[in-house]
Amino acid sequence: MNAAKCIEAEAISKRYGEIRALEGVDIHAAAGEITGLIGPDGAGKSSFMRIVLGLLESDGGELKLFGETPERGRRGGIGYMPEVFSLYTDLTVEENMRFSFRIHGGRPAEYTARSERLYTFNRLSDFKAARAGTLSGGMKQKLALSCALMQEPRLLVLDEPTTGVDPLSRREFWRMLSELKREGIGILVSTPYMEEALQCDRIYLMNEGRILNAGAPRELIDGFDGRIIEFEDSELAPQDLRRELAAAWSGRPVYLSGRSVHLVLPAAAGDAAADLPTRSSGTSREIEPDLEDIFLAGILR
């Protein structure tokens with residue numbers, strides 16, 4: 001239903017000269033859901049977000065926000081958190097919160113109730129007097145998210161919000177996103193972390209301006225139409241092993257995965273692992289795919 005949709009983007013395209021940033025992408029995001037954009041630098045994630053925010057005009061396609069076509073350059077009901085911390089480092093936590101409230105047109109009589117609710121949410125009440133520049137990476141991200149929430153948006157757009165943040169702070173940040181989701185806020189987030197992608201309700205795997213695959217993370221894993229063979233060799237460096245396998249299996253996706261090398265074979269390859277020759281120092285086994293396998297297989301096919 002349109003009433004539940006925050007974003008309906010159809011055939012969105014964008015070029016920067018000869019560079020194709022987006023080519024005919026369809027992306028939908030719903031209220032009360034976390035929608036993830038997954039892909040490497042240059043995949044088109046930030047370009048799409050800027051189009052949603054009205055900071056960039058698309059070259060083609062149709063965009064609707066909350067069921068309506070937005071006016072050019074005008075957006076309402078959207079909170080934005082860029083990848084780079086962009087609040088005032090010389091202001092305190094409280095001053096940044098109050099400033100964000102005022103620039104979004106908040107009425108002074110409402111500030112106390114709204115800020116206290118956010119302090120309970122972000123657990124920064126003990127740091128009201130601390131300058132933003134002195135906060136840890138995780139605390140800065142909590143503050144930035146809280147400032148984006150000051151206008152009580154219906155949609156949050158978060159551009160790689162946990163990049164460079166320690167694992168514990170990342171986990172705490174995603175706890176906060178889960179709370180916002182339960183409140184019915186739509187969340188569009190980009191992330192390079194596959195474990196974070198698993199926490200999204202729907203993800204779009206992107207590369208070079210195109211959508212490789214889309215769906216619920218578990219559905220993408222269960223619907224993978226290939227078999228993953230994992231190779232290890234005690235005498236060969238992973239990079240050398242990858243080169244050997246790529247030469248032997250020309251045309252099939254072969255890529256590094258930690259200290260192992262993964263080969264993607266067709267689903268109908270039979271008892272694939274048993275039939276693959278290995279060196280005396282090597283081993284091979286068939287494994288269950290994860291999101292990283294699905295993403296890399298999609299890029300390399």
# chains A, B, ... in the order shown; residues from 1 in each chain; ligands from 1
>>> closest_atom_pairs(of="region 107-210 of chain A", to="region 30-52 of chain A", cutoff="6 Å", atoms="only C-alpha atoms", output="tab-separated table")
residue	atom	partner	partner_atom	distance
A:Lys181	CA	A:Gly32	CA	4.7
A:Gly184	CA	A:Gly32	CA	3.8
A:Ile185	CA	A:Gly32	CA	4.9
A:Gly186	CA	A:Ala31	CA	4.0
A:Ile187	CA	A:Ile34	CA	4.8
A:Leu188	CA	A:Thr35	CA	4.9
A:Val189	CA	A:Gly36	CA	5.0
A:Ser190	CA	A:Leu37	CA	4.5
A:Thr191	CA	A:Ile38	CA	5.8
A:Cys200	CA	A:Ile34	CA	5.0
A:Asp201	CA	A:Ile34	CA	5.3
A:Arg202	CA	A:Thr35	CA	5.0
A:Ile203	CA	A:Gly36	CA	4.4
A:Tyr204	CA	A:Leu37	CA	5.0
A:Leu205	CA	A:Ile38	CA	4.9
A:Met206	CA	A:Gly39	CA	4.9
A:Asn207	CA	A:Ala43	CA	4.3
A:Glu208	CA	A:Ala43	CA	4.5
A:Gly209	CA	A:Gly44	CA	4.9
>>> residues_around(residues="region 223-229 of chain A", least_positions_apart="2", cutoff="12 Å", atoms="only C-alpha atoms", output="ChimeraX atom specification")
/A:213-221,231-232,245,252-257,260-278,283-298,301
>>> residues_around(residues="Glu152 (chain A)", least_positions_apart="4", cutoff="12 Å", atoms="only C-alpha atoms", output="NGL selection string")
:A and (76-80 or 100-101 or 104-106 or 110-111 or 114-115 or 117-118 or 145-148 or 156 or 180 or 183-186)
>>> closest_atom_pairs(of="region 119-166 of chain A", to="region 57-70 of chain A", cutoff="12 Å", atoms="only C-alpha atoms", output="JSON lines")
{"residue": "A:Pro153", "atom": "CA", "partner": "A:Phe66", "partner_atom": "CA", "distance": 11.7}
{"residue": "A:Arg154", "atom": "CA", "partner": "A:Phe66", "partner_atom": "CA", "distance": 8.8}
{"residue": "A:Leu155", "atom": "CA", "partner": "A:Phe66", "partner_atom": "CA", "distance": 9.1}
>>> atom_distance(atom1="CA of Glu179 (chain A)", atom2="CA of Gln199 (chain A)")
12.6 Å
